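Participant: Got a file for you: run15.cif, mmCIF, N, CA and C atoms.
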```cif
data_final
#
loop_
_atom_site.label_atom_id
_atom_site.label_comp_id
_atom_site.auth_asym_id
_atom_site.auth_seq_id
_atom_site.Cartn_x
_atom_site.Cartn_y
_atom_site.Cartn_z
N MET A 1082 53.66 65.93 161.12
CA MET A 1082 52.63 65.29 160.31
C MET A 1082 53.21 65.10 158.91
N ASP A 1083 53.21 63.87 158.42
CA ASP A 1083 53.74 63.62 157.08
C ASP A 1083 52.61 63.62 156.05
N LEU A 1084 52.98 63.50 154.80
CA LEU A 1084 52.01 63.61 153.70
C LEU A 1084 50.94 62.53 153.75
N LYS A 1085 51.31 61.32 154.12
CA LYS A 1085 50.33 60.23 154.22
C LYS A 1085 49.26 60.55 155.25
N GLU A 1086 49.69 61.08 156.36
CA GLU A 1086 48.74 61.44 157.42
C GLU A 1086 47.81 62.56 156.96
N VAL A 1087 48.34 63.50 156.21
CA VAL A 1087 47.52 64.59 155.67
C VAL A 1087 46.44 64.03 154.74
N TYR A 1088 46.83 63.13 153.85
CA TYR A 1088 45.86 62.52 152.93
C TYR A 1088 44.78 61.75 153.69
N LYS A 1089 45.17 60.99 154.70
CA LYS A 1089 44.19 60.25 155.51
C LYS A 1089 43.23 61.21 156.19
N PHE A 1090 43.79 62.27 156.75
CA PHE A 1090 42.99 63.28 157.44
C PHE A 1090 41.97 63.92 156.50
N ILE A 1091 42.40 64.32 155.33
CA ILE A 1091 41.51 64.94 154.34
C ILE A 1091 40.46 63.94 153.87
N SER A 1092 40.85 62.71 153.68
CA SER A 1092 39.92 61.67 153.25
C SER A 1092 38.80 61.47 154.28
N LYS A 1093 39.18 61.41 155.56
CA LYS A 1093 38.18 61.25 156.62
C LYS A 1093 37.26 62.47 156.68
N LEU A 1094 37.83 63.64 156.51
CA LEU A 1094 37.03 64.87 156.53
C LEU A 1094 36.03 64.90 155.38
N SER A 1095 36.45 64.45 154.22
CA SER A 1095 35.57 64.50 153.05
C SER A 1095 34.35 63.59 153.21
N LYS A 1096 34.48 62.57 154.05
CA LYS A 1096 33.36 61.65 154.28
C LYS A 1096 32.45 62.12 155.41
N SER A 1097 32.86 63.16 156.10
CA SER A 1097 32.05 63.70 157.19
C SER A 1097 31.22 64.88 156.70
N ASN A 1098 30.49 65.49 157.60
CA ASN A 1098 29.67 66.65 157.26
C ASN A 1098 30.41 67.96 157.48
N VAL A 1099 31.67 67.89 157.76
CA VAL A 1099 32.48 69.08 158.02
C VAL A 1099 32.68 69.84 156.71
N LYS A 1100 32.50 71.16 156.77
CA LYS A 1100 32.65 71.99 155.58
C LYS A 1100 34.02 72.67 155.52
N LYS A 1101 34.53 73.06 156.72
CA LYS A 1101 35.80 73.79 156.79
C LYS A 1101 36.62 73.28 157.96
N VAL A 1102 37.93 73.22 157.75
CA VAL A 1102 38.85 72.85 158.83
C VAL A 1102 40.12 73.68 158.68
N LYS A 1103 40.56 74.18 159.81
CA LYS A 1103 41.82 74.92 159.82
C LYS A 1103 42.67 74.31 160.93
N LEU A 1104 43.82 73.80 160.58
CA LEU A 1104 44.70 73.14 161.54
C LEU A 1104 46.04 73.86 161.53
N GLU A 1105 46.47 74.30 162.73
CA GLU A 1105 47.76 74.99 162.84
C GLU A 1105 48.61 74.29 163.89
N LEU A 1106 49.73 73.81 163.47
CA LEU A 1106 50.72 73.22 164.35
C LEU A 1106 51.97 74.09 164.28
N PRO A 1107 52.91 73.92 165.16
CA PRO A 1107 54.10 74.78 165.13
C PRO A 1107 54.84 74.76 163.79
N ASP A 1108 54.91 73.62 163.16
CA ASP A 1108 55.66 73.53 161.90
C ASP A 1108 54.79 73.19 160.70
N PHE A 1109 53.47 73.31 160.88
CA PHE A 1109 52.56 72.87 159.81
C PHE A 1109 51.24 73.62 159.90
N LYS A 1110 50.74 74.06 158.76
CA LYS A 1110 49.42 74.71 158.70
C LYS A 1110 48.63 74.06 157.58
N LEU A 1111 47.33 73.83 157.86
CA LEU A 1111 46.47 73.20 156.87
C LEU A 1111 45.09 73.85 156.94
N LYS A 1112 44.59 74.22 155.80
CA LYS A 1112 43.24 74.77 155.71
C LYS A 1112 42.53 74.01 154.60
N VAL A 1113 41.39 73.38 154.93
CA VAL A 1113 40.63 72.59 153.97
C VAL A 1113 39.21 73.12 153.96
N GLU A 1114 38.68 73.31 152.76
CA GLU A 1114 37.30 73.78 152.62
C GLU A 1114 36.62 72.91 151.56
N PHE A 1115 35.52 72.27 151.96
CA PHE A 1115 34.77 71.41 151.05
C PHE A 1115 33.56 72.18 150.54
N LYS A 1116 33.32 72.09 149.27
CA LYS A 1116 32.15 72.72 148.68
C LYS A 1116 31.06 71.69 148.55
N ASP A 1117 29.85 72.11 148.85
CA ASP A 1117 28.70 71.21 148.76
C ASP A 1117 28.25 71.16 147.30
N LEU A 1118 28.51 70.05 146.63
CA LEU A 1118 28.18 69.90 145.21
C LEU A 1118 26.68 69.88 144.97
N ALA A 1119 25.92 69.38 145.92
CA ALA A 1119 24.46 69.29 145.74
C ALA A 1119 23.82 70.67 145.72
N SER A 1120 24.40 71.61 146.47
CA SER A 1120 23.79 72.94 146.53
C SER A 1120 24.21 73.83 145.36
N GLN A 1121 25.25 73.44 144.67
CA GLN A 1121 25.68 74.23 143.51
C GLN A 1121 24.71 74.03 142.37
N LYS A 1122 24.43 75.10 141.69
CA LYS A 1122 23.56 74.98 140.52
C LYS A 1122 24.33 74.31 139.40
N SER A 1123 23.71 73.32 138.81
CA SER A 1123 24.40 72.64 137.70
C SER A 1123 24.31 73.50 136.45
N GLN A 1124 25.35 73.46 135.70
CA GLN A 1124 25.39 74.20 134.45
C GLN A 1124 24.54 73.48 133.41
N PRO A 1125 23.72 74.21 132.68
CA PRO A 1125 22.93 73.54 131.64
C PRO A 1125 23.84 73.03 130.54
N GLU A 1126 23.44 71.91 129.96
CA GLU A 1126 24.22 71.37 128.85
C GLU A 1126 24.03 72.27 127.64
N VAL A 1127 25.11 72.55 126.99
CA VAL A 1127 25.07 73.42 125.83
C VAL A 1127 25.50 72.62 124.62
N GLU A 1128 24.69 72.66 123.59
CA GLU A 1128 25.05 71.96 122.36
C GLU A 1128 25.71 72.97 121.45
N ILE A 1129 26.92 72.65 121.03
CA ILE A 1129 27.65 73.53 120.13
C ILE A 1129 27.57 72.94 118.74
N LYS A 1130 27.08 73.74 117.83
CA LYS A 1130 26.97 73.27 116.45
C LYS A 1130 27.85 74.17 115.59
N VAL A 1131 28.77 73.57 114.91
CA VAL A 1131 29.65 74.33 114.03
C VAL A 1131 28.93 74.53 112.71
N SER A 1132 28.77 75.78 112.35
CA SER A 1132 28.08 76.02 111.09
C SER A 1132 29.10 76.15 109.98
N SER A 1133 28.79 75.57 108.86
CA SER A 1133 29.70 75.66 107.73
C SER A 1133 29.22 76.79 106.83
N GLU A 1134 30.01 77.11 105.85
CA GLU A 1134 29.64 78.18 104.94
C GLU A 1134 28.53 77.74 103.99
N ILE A 1135 28.28 76.46 103.93
CA ILE A 1135 27.25 75.94 103.03
C ILE A 1135 25.98 75.74 103.82
N ASN A 1136 24.92 76.38 103.40
CA ASN A 1136 23.63 76.32 104.08
C ASN A 1136 23.00 74.94 103.87
N ASP A 1137 22.56 74.30 104.96
CA ASP A 1137 21.95 72.97 104.87
C ASP A 1137 20.69 72.98 104.01
N LYS A 1138 19.91 74.04 104.10
CA LYS A 1138 18.68 74.12 103.29
C LYS A 1138 19.02 74.18 101.81
N GLU A 1139 20.09 74.88 101.48
CA GLU A 1139 20.53 74.98 100.08
C GLU A 1139 20.94 73.60 99.57
N VAL A 1140 21.65 72.85 100.40
CA VAL A 1140 22.09 71.51 100.02
C VAL A 1140 20.88 70.61 99.77
N GLU A 1141 19.90 70.64 100.66
CA GLU A 1141 18.70 69.82 100.49
C GLU A 1141 17.94 70.22 99.23
N LYS A 1142 17.89 71.53 98.94
CA LYS A 1142 17.18 72.01 97.75
C LYS A 1142 17.84 71.45 96.49
N VAL A 1143 19.17 71.54 96.43
CA VAL A 1143 19.90 71.03 95.27
C VAL A 1143 19.70 69.53 95.15
N LYS A 1144 19.77 68.84 96.28
CA LYS A 1144 19.64 67.39 96.28
C LYS A 1144 18.25 66.95 95.81
N GLU A 1145 17.22 67.70 96.19
CA GLU A 1145 15.85 67.33 95.84
C GLU A 1145 15.52 67.66 94.38
N GLU A 1146 16.16 68.69 93.82
CA GLU A 1146 15.84 69.11 92.46
C GLU A 1146 16.04 67.98 91.46
N LYS A 1147 17.12 67.27 91.60
CA LYS A 1147 17.42 66.15 90.72
C LYS A 1147 18.00 65.03 91.56
N ASN A 1148 17.95 63.86 91.02
CA ASN A 1148 18.52 62.73 91.74
C ASN A 1148 19.99 62.61 91.35
N TYR A 1149 20.86 63.36 92.04
CA TYR A 1149 22.28 63.38 91.72
C TYR A 1149 23.00 62.18 92.31
N HIS A 1150 24.12 61.83 91.68
CA HIS A 1150 25.01 60.80 92.21
C HIS A 1150 25.83 61.46 93.32
N VAL A 1151 25.94 60.80 94.45
CA VAL A 1151 26.65 61.37 95.60
C VAL A 1151 27.98 60.66 95.79
N ILE A 1152 29.05 61.45 95.90
CA ILE A 1152 30.37 60.92 96.24
C ILE A 1152 30.53 61.14 97.74
N LYS A 1153 30.77 60.04 98.47
CA LYS A 1153 30.89 60.11 99.93
C LYS A 1153 32.32 59.82 100.36
N SER A 1154 32.65 60.30 101.54
CA SER A 1154 33.98 60.07 102.10
C SER A 1154 34.13 58.61 102.52
N PRO A 1155 35.19 57.95 102.07
CA PRO A 1155 35.41 56.56 102.47
C PRO A 1155 36.14 56.43 103.81
N MET A 1156 36.47 57.57 104.44
CA MET A 1156 37.26 57.53 105.68
C MET A 1156 37.12 58.83 106.45
N VAL A 1157 37.62 58.82 107.65
CA VAL A 1157 37.72 60.02 108.48
C VAL A 1157 39.06 60.67 108.16
N GLY A 1158 39.06 61.99 108.01
CA GLY A 1158 40.32 62.68 107.73
C GLY A 1158 40.09 64.14 107.43
N THR A 1159 41.06 64.75 106.77
CA THR A 1159 40.98 66.16 106.38
C THR A 1159 40.84 66.23 104.87
N PHE A 1160 39.84 66.99 104.41
CA PHE A 1160 39.48 67.11 103.00
C PHE A 1160 40.29 68.23 102.36
N TYR A 1161 40.91 67.93 101.20
CA TYR A 1161 41.65 68.94 100.45
C TYR A 1161 41.18 68.93 99.00
N ARG A 1162 40.84 70.12 98.49
CA ARG A 1162 40.40 70.26 97.10
C ARG A 1162 41.57 70.40 96.14
N LYS A 1163 42.78 70.69 96.68
CA LYS A 1163 43.95 70.96 95.84
C LYS A 1163 45.09 70.02 96.20
N PRO A 1164 45.95 69.72 95.22
CA PRO A 1164 47.10 68.85 95.51
C PRO A 1164 48.16 69.54 96.38
N SER A 1165 48.20 70.87 96.35
CA SER A 1165 49.11 71.64 97.20
C SER A 1165 48.46 73.00 97.47
N PRO A 1166 48.88 73.70 98.51
CA PRO A 1166 48.23 74.96 98.87
C PRO A 1166 48.19 76.02 97.77
N ASP A 1167 49.21 76.05 96.91
CA ASP A 1167 49.26 77.08 95.87
C ASP A 1167 48.74 76.59 94.51
N ALA A 1168 48.25 75.37 94.44
CA ALA A 1168 47.76 74.80 93.18
C ALA A 1168 46.27 75.08 92.98
N GLU A 1169 45.82 74.88 91.76
CA GLU A 1169 44.39 75.00 91.44
C GLU A 1169 43.65 73.78 92.01
N PRO A 1170 42.36 73.93 92.33
CA PRO A 1170 41.59 72.78 92.81
C PRO A 1170 41.50 71.69 91.73
N PHE A 1171 41.35 70.45 92.17
CA PHE A 1171 41.18 69.34 91.22
C PHE A 1171 39.97 69.60 90.33
N VAL A 1172 38.84 70.00 90.94
CA VAL A 1172 37.62 70.31 90.19
C VAL A 1172 36.91 71.49 90.83
N LYS A 1173 36.08 72.14 90.01
CA LYS A 1173 35.22 73.22 90.49
C LYS A 1173 33.79 72.87 90.14
N GLU A 1174 32.84 73.52 90.79
CA GLU A 1174 31.44 73.30 90.44
C GLU A 1174 31.24 73.66 88.98
N GLY A 1175 30.54 72.80 88.25
CA GLY A 1175 30.31 73.01 86.84
C GLY A 1175 31.27 72.25 85.94
N ASP A 1176 32.37 71.74 86.50
CA ASP A 1176 33.34 70.97 85.71
C ASP A 1176 32.76 69.62 85.29
N ILE A 1177 33.16 69.18 84.10
CA ILE A 1177 32.80 67.84 83.62
C ILE A 1177 33.92 66.89 84.07
N VAL A 1178 33.53 65.77 84.67
CA VAL A 1178 34.52 64.80 85.16
C VAL A 1178 34.29 63.44 84.53
N LYS A 1179 35.36 62.69 84.43
CA LYS A 1179 35.32 61.32 83.90
C LYS A 1179 35.43 60.34 85.06
N LYS A 1180 34.94 59.15 84.85
CA LYS A 1180 35.07 58.09 85.84
C LYS A 1180 36.55 57.85 86.11
N GLY A 1181 36.94 57.81 87.39
CA GLY A 1181 38.34 57.61 87.76
C GLY A 1181 39.13 58.89 87.94
N GLN A 1182 38.55 60.04 87.58
CA GLN A 1182 39.24 61.32 87.73
C GLN A 1182 39.29 61.72 89.20
N THR A 1183 40.43 62.24 89.63
CA THR A 1183 40.59 62.68 91.02
C THR A 1183 39.79 63.95 91.26
N LEU A 1184 38.97 63.91 92.32
CA LEU A 1184 38.15 65.06 92.70
C LEU A 1184 38.74 65.82 93.88
N ALA A 1185 39.40 65.09 94.78
CA ALA A 1185 39.94 65.69 96.00
C ALA A 1185 40.89 64.71 96.66
N LEU A 1186 41.45 65.15 97.78
CA LEU A 1186 42.31 64.29 98.61
C LEU A 1186 41.75 64.28 100.03
N ILE A 1187 41.92 63.16 100.70
CA ILE A 1187 41.63 63.11 102.13
C ILE A 1187 42.89 62.61 102.82
N GLU A 1188 43.36 63.43 103.76
CA GLU A 1188 44.55 63.06 104.52
C GLU A 1188 44.11 62.33 105.79
N ALA A 1189 44.62 61.13 105.95
CA ALA A 1189 44.35 60.34 107.16
C ALA A 1189 45.65 59.68 107.59
N LEU A 1190 46.04 59.90 108.82
CA LEU A 1190 47.28 59.33 109.35
C LEU A 1190 48.49 59.69 108.49
N LYS A 1191 48.55 60.95 108.08
CA LYS A 1191 49.67 61.49 107.28
C LYS A 1191 49.77 60.86 105.89
N VAL A 1192 48.72 60.19 105.45
CA VAL A 1192 48.68 59.59 104.11
C VAL A 1192 47.58 60.30 103.32
N PHE A 1193 47.91 60.72 102.10
CA PHE A 1193 46.93 61.38 101.24
C PHE A 1193 46.26 60.34 100.35
N ASN A 1194 44.94 60.27 100.42
CA ASN A 1194 44.15 59.31 99.65
C ASN A 1194 43.33 60.06 98.61
N GLU A 1195 43.42 59.63 97.35
CA GLU A 1195 42.67 60.28 96.28
C GLU A 1195 41.20 59.88 96.34
N ILE A 1196 40.34 60.87 96.16
CA ILE A 1196 38.91 60.62 96.04
C ILE A 1196 38.59 60.78 94.56
N GLU A 1197 38.16 59.68 93.94
CA GLU A 1197 37.92 59.68 92.50
C GLU A 1197 36.43 59.60 92.21
N SER A 1198 36.06 60.14 91.05
CA SER A 1198 34.68 60.03 90.60
C SER A 1198 34.44 58.60 90.13
N ASP A 1199 33.29 58.05 90.50
CA ASP A 1199 32.97 56.71 90.03
C ASP A 1199 31.93 56.74 88.91
N VAL A 1200 31.67 57.96 88.38
CA VAL A 1200 30.77 58.12 87.23
C VAL A 1200 31.29 59.26 86.34
N ASP A 1201 30.85 59.25 85.08
CA ASP A 1201 31.07 60.40 84.21
C ASP A 1201 29.96 61.39 84.53
N GLY A 1202 30.29 62.67 84.61
CA GLY A 1202 29.24 63.63 84.88
C GLY A 1202 29.75 65.03 85.11
N LYS A 1203 28.85 65.86 85.62
CA LYS A 1203 29.13 67.27 85.88
C LYS A 1203 29.06 67.51 87.39
N VAL A 1204 30.07 68.18 87.93
CA VAL A 1204 30.08 68.50 89.36
C VAL A 1204 29.04 69.59 89.61
N VAL A 1205 28.00 69.23 90.35
CA VAL A 1205 26.91 70.17 90.62
C VAL A 1205 27.18 70.95 91.91
N LYS A 1206 27.65 70.25 92.94
CA LYS A 1206 27.86 70.90 94.23
C LYS A 1206 29.03 70.25 94.96
N ILE A 1207 29.91 71.08 95.50
CA ILE A 1207 30.98 70.63 96.37
C ILE A 1207 30.53 70.99 97.78
N LEU A 1208 30.37 69.98 98.62
CA LEU A 1208 29.73 70.16 99.92
C LEU A 1208 30.68 70.45 101.07
N VAL A 1209 31.98 70.33 100.85
CA VAL A 1209 32.95 70.48 101.94
C VAL A 1209 33.98 71.53 101.56
N GLU A 1210 34.33 72.36 102.52
CA GLU A 1210 35.34 73.39 102.31
C GLU A 1210 36.74 72.79 102.39
N ASP A 1211 37.67 73.38 101.66
CA ASP A 1211 39.06 72.93 101.66
C ASP A 1211 39.64 73.01 103.07
N GLY A 1212 40.30 71.93 103.50
CA GLY A 1212 40.92 71.90 104.82
C GLY A 1212 40.00 71.51 105.95
N SER A 1213 38.76 71.16 105.63
CA SER A 1213 37.78 70.79 106.67
C SER A 1213 37.89 69.33 107.04
N PRO A 1214 37.60 69.01 108.30
CA PRO A 1214 37.56 67.59 108.69
C PRO A 1214 36.32 66.92 108.11
N VAL A 1215 36.44 65.66 107.72
CA VAL A 1215 35.29 64.90 107.20
C VAL A 1215 35.17 63.59 107.96
N GLU A 1216 33.95 63.08 107.99
CA GLU A 1216 33.64 61.82 108.66
C GLU A 1216 33.44 60.73 107.62
N PHE A 1217 33.50 59.49 108.05
CA PHE A 1217 33.21 58.36 107.17
C PHE A 1217 31.76 58.48 106.70
N GLY A 1218 31.54 58.36 105.40
CA GLY A 1218 30.19 58.40 104.84
C GLY A 1218 29.63 59.80 104.61
N GLN A 1219 30.40 60.83 104.95
CA GLN A 1219 29.93 62.20 104.74
C GLN A 1219 29.87 62.51 103.25
N GLU A 1220 28.81 63.18 102.83
CA GLU A 1220 28.66 63.55 101.42
C GLU A 1220 29.65 64.65 101.07
N LEU A 1221 30.37 64.44 99.95
CA LEU A 1221 31.40 65.38 99.52
C LEU A 1221 31.01 66.14 98.25
N PHE A 1222 30.47 65.40 97.27
CA PHE A 1222 30.14 65.97 95.96
C PHE A 1222 28.79 65.47 95.48
N TYR A 1223 28.09 66.33 94.72
CA TYR A 1223 26.92 65.89 93.94
C TYR A 1223 27.35 65.93 92.48
N ILE A 1224 27.17 64.81 91.79
CA ILE A 1224 27.54 64.71 90.38
C ILE A 1224 26.28 64.40 89.58
N GLU A 1225 26.06 65.20 88.54
CA GLU A 1225 24.95 64.94 87.62
C GLU A 1225 25.48 64.02 86.53
N LYS A 1226 24.91 62.83 86.45
CA LYS A 1226 25.39 61.85 85.46
C LYS A 1226 25.13 62.35 84.06
N ILE A 1227 26.09 62.07 83.18
CA ILE A 1227 25.95 62.45 81.76
C ILE A 1227 25.77 61.19 80.95
#
```
Would you write the structure of this file as structure tokens?
Facilitator:
Amino acid sequence: MDLKEVYKFISKLSKSNVKKVKLELPDFKLKVEFKDLASQKSQPEVEIKVSSEINDKEVEKVKEEKNYHVIKSPMVGTFYRKPSPDAEPFVKEGDIVKKGQTLALIEALKVFNEIESDVDGKVVKILVEDGSPVEFGQELFYIEKI
């Protein structure tokens, strides 16, 4: 019995109601067992939510207190607060920033893109942790206009 014949045999068996087959020839042994998928209990779908260190309720509270200017991610990538691992962050909460000042970097396709402030103001909240993945349009910073 060659491999093609084995595949044909198994294919025909899978379309039948046979659950188990054991075939023994002088130079060949085959044991096939089909599991009934309908009788198996399906696994419940599990939603996995990655929690960040920043509490969503805290973010909403800060956002509602004042109408802050929001800096959003212009792309999908990895968010970096520092120009290099051993350097100081570009900005910290409470820092005063000028329009055009670099706030962070987003790495996408091995290219580092500067995220700049488009207003003069004070950094009220940094919403993303260093090294975290970000999505297009994700809120990164709350800036209080000065």
Participant: One number please: atom N of Ile1224 of chain A to atom C of Leu1208 of chain A, in Å, one decimal.
Facilitator: 11.4 Å
Participant: Applying the PyMOL selection byres ((chain A and resi 1216) around 8) to the file I just gave you, which residues come out? Please list them as a ChimeraX atom specification.
Facilitator: /A:1153-1160,1213-1215,1217-1220
Participant: Which residues match the PyMOL selection byres ((chain A and resi 1170-1182) around 6) in the file above, as a list of chain:residue names?
Facilitator: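 After applying the PyMOL selection byres ((chain A and resi 1170-1182) around 6), what remains is A:Arg1162, A:Lys1163, A:Pro1164, A:Ala1168, A:Glu1169, A:Thr1183, A:Leu1184, A:Ala1185, A:Ile1196, A:Glu1197, A:Ser1198, A:Asp1199, A:Val1200, A:Asp1201, A:Gly1202, A:Lys1203, A:Val1204, A:Val1205, A:Lys1206, A:Ile1207.
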Participant: Dump N, CA and C atoms for the selected residues as an mmCIF file, in the coordinates of the input?
Facilitator:
```cif
data_model
loop_
_atom_site.group_PDB
_atom_site.id
_atom_site.type_symbol
_atom_site.label_atom_id
_atom_site.label_comp_id
_atom_site.auth_asym_id
_atom_site.auth_seq_id
_atom_site.Cartn_x
_atom_site.Cartn_y
_atom_site.Cartn_z
ATOM 1 N N ARG A 1162 40.840 70.120 98.490
ATOM 2 C CA ARG A 1162 40.400 70.260 97.100
ATOM 3 C C ARG A 1162 41.570 70.400 96.140
ATOM 4 N N LYS A 1163 42.780 70.690 96.680
ATOM 5 C CA LYS A 1163 43.950 70.960 95.840
ATOM 6 C C LYS A 1163 45.090 70.020 96.200
ATOM 7 N N PRO A 1164 45.950 69.720 95.220
ATOM 8 C CA PRO A 1164 47.100 68.850 95.510
ATOM 9 C C PRO A 1164 48.160 69.540 96.380
ATOM 10 N N ALA A 1168 48.250 75.370 94.440
ATOM 11 C CA ALA A 1168 47.760 74.800 93.180
ATOM 12 C C ALA A 1168 46.270 75.080 92.980
ATOM 13 N N GLU A 1169 45.820 74.880 91.760
ATOM 14 C CA GLU A 1169 44.390 75.000 91.440
ATOM 15 C C GLU A 1169 43.650 73.780 92.010
ATOM 16 N N THR A 1183 40.430 62.240 89.630
ATOM 17 C CA THR A 1183 40.590 62.680 91.020
ATOM 18 C C THR A 1183 39.790 63.950 91.260
ATOM 19 N N LEU A 1184 38.970 63.910 92.320
ATOM 20 C CA LEU A 1184 38.150 65.060 92.700
ATOM 21 C C LEU A 1184 38.740 65.820 93.880
ATOM 22 N N ALA A 1185 39.400 65.090 94.780
ATOM 23 C CA ALA A 1185 39.940 65.690 96.000
ATOM 24 C C ALA A 1185 40.890 64.710 96.660
ATOM 25 N N ILE A 1196 40.340 60.870 96.160
ATOM 26 C CA ILE A 1196 38.910 60.620 96.040
ATOM 27 C C ILE A 1196 38.590 60.780 94.560
ATOM 28 N N GLU A 1197 38.160 59.680 93.940
ATOM 29 C CA GLU A 1197 37.920 59.680 92.500
ATOM 30 C C GLU A 1197 36.430 59.600 92.210
ATOM 31 N N SER A 1198 36.060 60.140 91.050
ATOM 32 C CA SER A 1198 34.680 60.030 90.600
ATOM 33 C C SER A 1198 34.440 58.600 90.130
ATOM 34 N N ASP A 1199 33.290 58.050 90.500
ATOM 35 C CA ASP A 1199 32.970 56.710 90.030
ATOM 36 C C ASP A 1199 31.930 56.740 88.910
ATOM 37 N N VAL A 1200 31.670 57.960 88.380
ATOM 38 C CA VAL A 1200 30.770 58.120 87.230
ATOM 39 C C VAL A 1200 31.290 59.260 86.340
ATOM 40 N N ASP A 1201 30.850 59.250 85.080
ATOM 41 C CA ASP A 1201 31.070 60.400 84.210
ATOM 42 C C ASP A 1201 29.960 61.390 84.530
ATOM 43 N N GLY A 1202 30.290 62.670 84.610
ATOM 44 C CA GLY A 1202 29.240 63.630 84.880
ATOM 45 C C GLY A 1202 29.750 65.030 85.110
ATOM 46 N N LYS A 1203 28.850 65.860 85.620
ATOM 47 C CA LYS A 1203 29.130 67.270 85.880
ATOM 48 C C LYS A 1203 29.060 67.510 87.390
ATOM 49 N N VAL A 1204 30.070 68.180 87.930
ATOM 50 C CA VAL A 1204 30.080 68.500 89.360
ATOM 51 C C VAL A 1204 29.040 69.590 89.610
ATOM 52 N N VAL A 1205 28.000 69.230 90.350
ATOM 53 C CA VAL A 1205 26.910 70.170 90.620
ATOM 54 C C VAL A 1205 27.180 70.950 91.910
ATOM 55 N N LYS A 1206 27.650 70.250 92.940
ATOM 56 C CA LYS A 1206 27.860 70.900 94.230
ATOM 57 C C LYS A 1206 29.030 70.250 94.960
ATOM 58 N N ILE A 1207 29.910 71.080 95.500
ATOM 59 C CA ILE A 1207 30.980 70.630 96.370
ATOM 60 C C ILE A 1207 30.530 70.990 97.780
#
```
Participant: Interatomic distance between atom C of Leu1106 of chain A and atom CA of Ile1091 of chain A?
Facilitator: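 Atom C of Leu1106 of chain A sits 17.1 Å away from atom CA of Ile1091 of chain A.
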Participant: To one decimal place, how far is atom C of Gly1212 of chain A from atom CA of Lys1226 of chain A in Å?
Facilitator: 27.0 Å
Participant: With distances taken over only C-alpha atoms, which residue among A:Asp1211, A:Asp1167, A:Ile1187, A:Leu1111 lies nearest Glu1086 of chain A?
Facilitator: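 Once distances to Glu1086 of chain A are computed over only C-alpha atoms, the minimum belongs to A:Leu1111.
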Participant: Here's the selection I'm unsure about, the PyMOL selection byres ((chain A and resi 1151) around 5); applied to the file above, which residues does it give, as a PDB file with N, CA and C atoms, keeping the file's coordinate frame?
Facilitator:
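So result03.pdb came out as:
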```pdb
ATOM      1  N   TYR A1149      20.860  63.360  92.040  1.00  0.00           N
ATOM      2  CA  TYR A1149      22.280  63.380  91.720  1.00  0.00           C
ATOM      3  C   TYR A1149      23.000  62.180  92.310  1.00  0.00           C
ATOM      4  N   HIS A1150      24.120  61.830  91.680  1.00  0.00           N
ATOM      5  CA  HIS A1150      25.010  60.800  92.210  1.00  0.00           C
ATOM      6  C   HIS A1150      25.830  61.460  93.320  1.00  0.00           C
ATOM      7  N   ILE A1152      29.050  61.450  95.900  1.00  0.00           N
ATOM      8  CA  ILE A1152      30.370  60.920  96.240  1.00  0.00           C
ATOM      9  C   ILE A1152      30.530  61.140  97.740  1.00  0.00           C
ATOM     10  N   LYS A1153      30.770  60.040  98.470  1.00  0.00           N
ATOM     11  CA  LYS A1153      30.890  60.110  99.930  1.00  0.00           C
ATOM     12  C   LYS A1153      32.320  59.820 100.360  1.00  0.00           C
ATOM     13  N   PHE A1222      30.470  65.400  97.270  1.00  0.00           N
ATOM     14  CA  PHE A1222      30.140  65.970  95.960  1.00  0.00           C
ATOM     15  C   PHE A1222      28.790  65.470  95.480  1.00  0.00           C
ATOM     16  N   TYR A1223      28.090  66.330  94.720  1.00  0.00           N
ATOM     17  CA  TYR A1223      26.920  65.890  93.940  1.00  0.00           C
ATOM     18  C   TYR A1223      27.350  65.930  92.480  1.00  0.00           C
ATOM     19  N   ILE A1224      27.170  64.810  91.790  1.00  0.00           N
ATOM     20  CA  ILE A1224      27.540  64.710  90.380  1.00  0.00           C
ATOM     21  C   ILE A1224      26.280  64.400  89.580  1.00  0.00           C
TER      22      ILE A1224
END
```
Participant: Please determine an axis-aligned box that encloses all atoms of segment 1165-1173 of chain A listed in the file, with 4 Å added on each side, and express its centre and edge lengths in Å to one decimal as lines of an AutoDock Vina configuration file.
Facilitator:
```
center_x = 41.5
center_y = 73.2
center_z = 94.4
size_x = 23.5
size_y = 15.7
size_z = 16.9
```
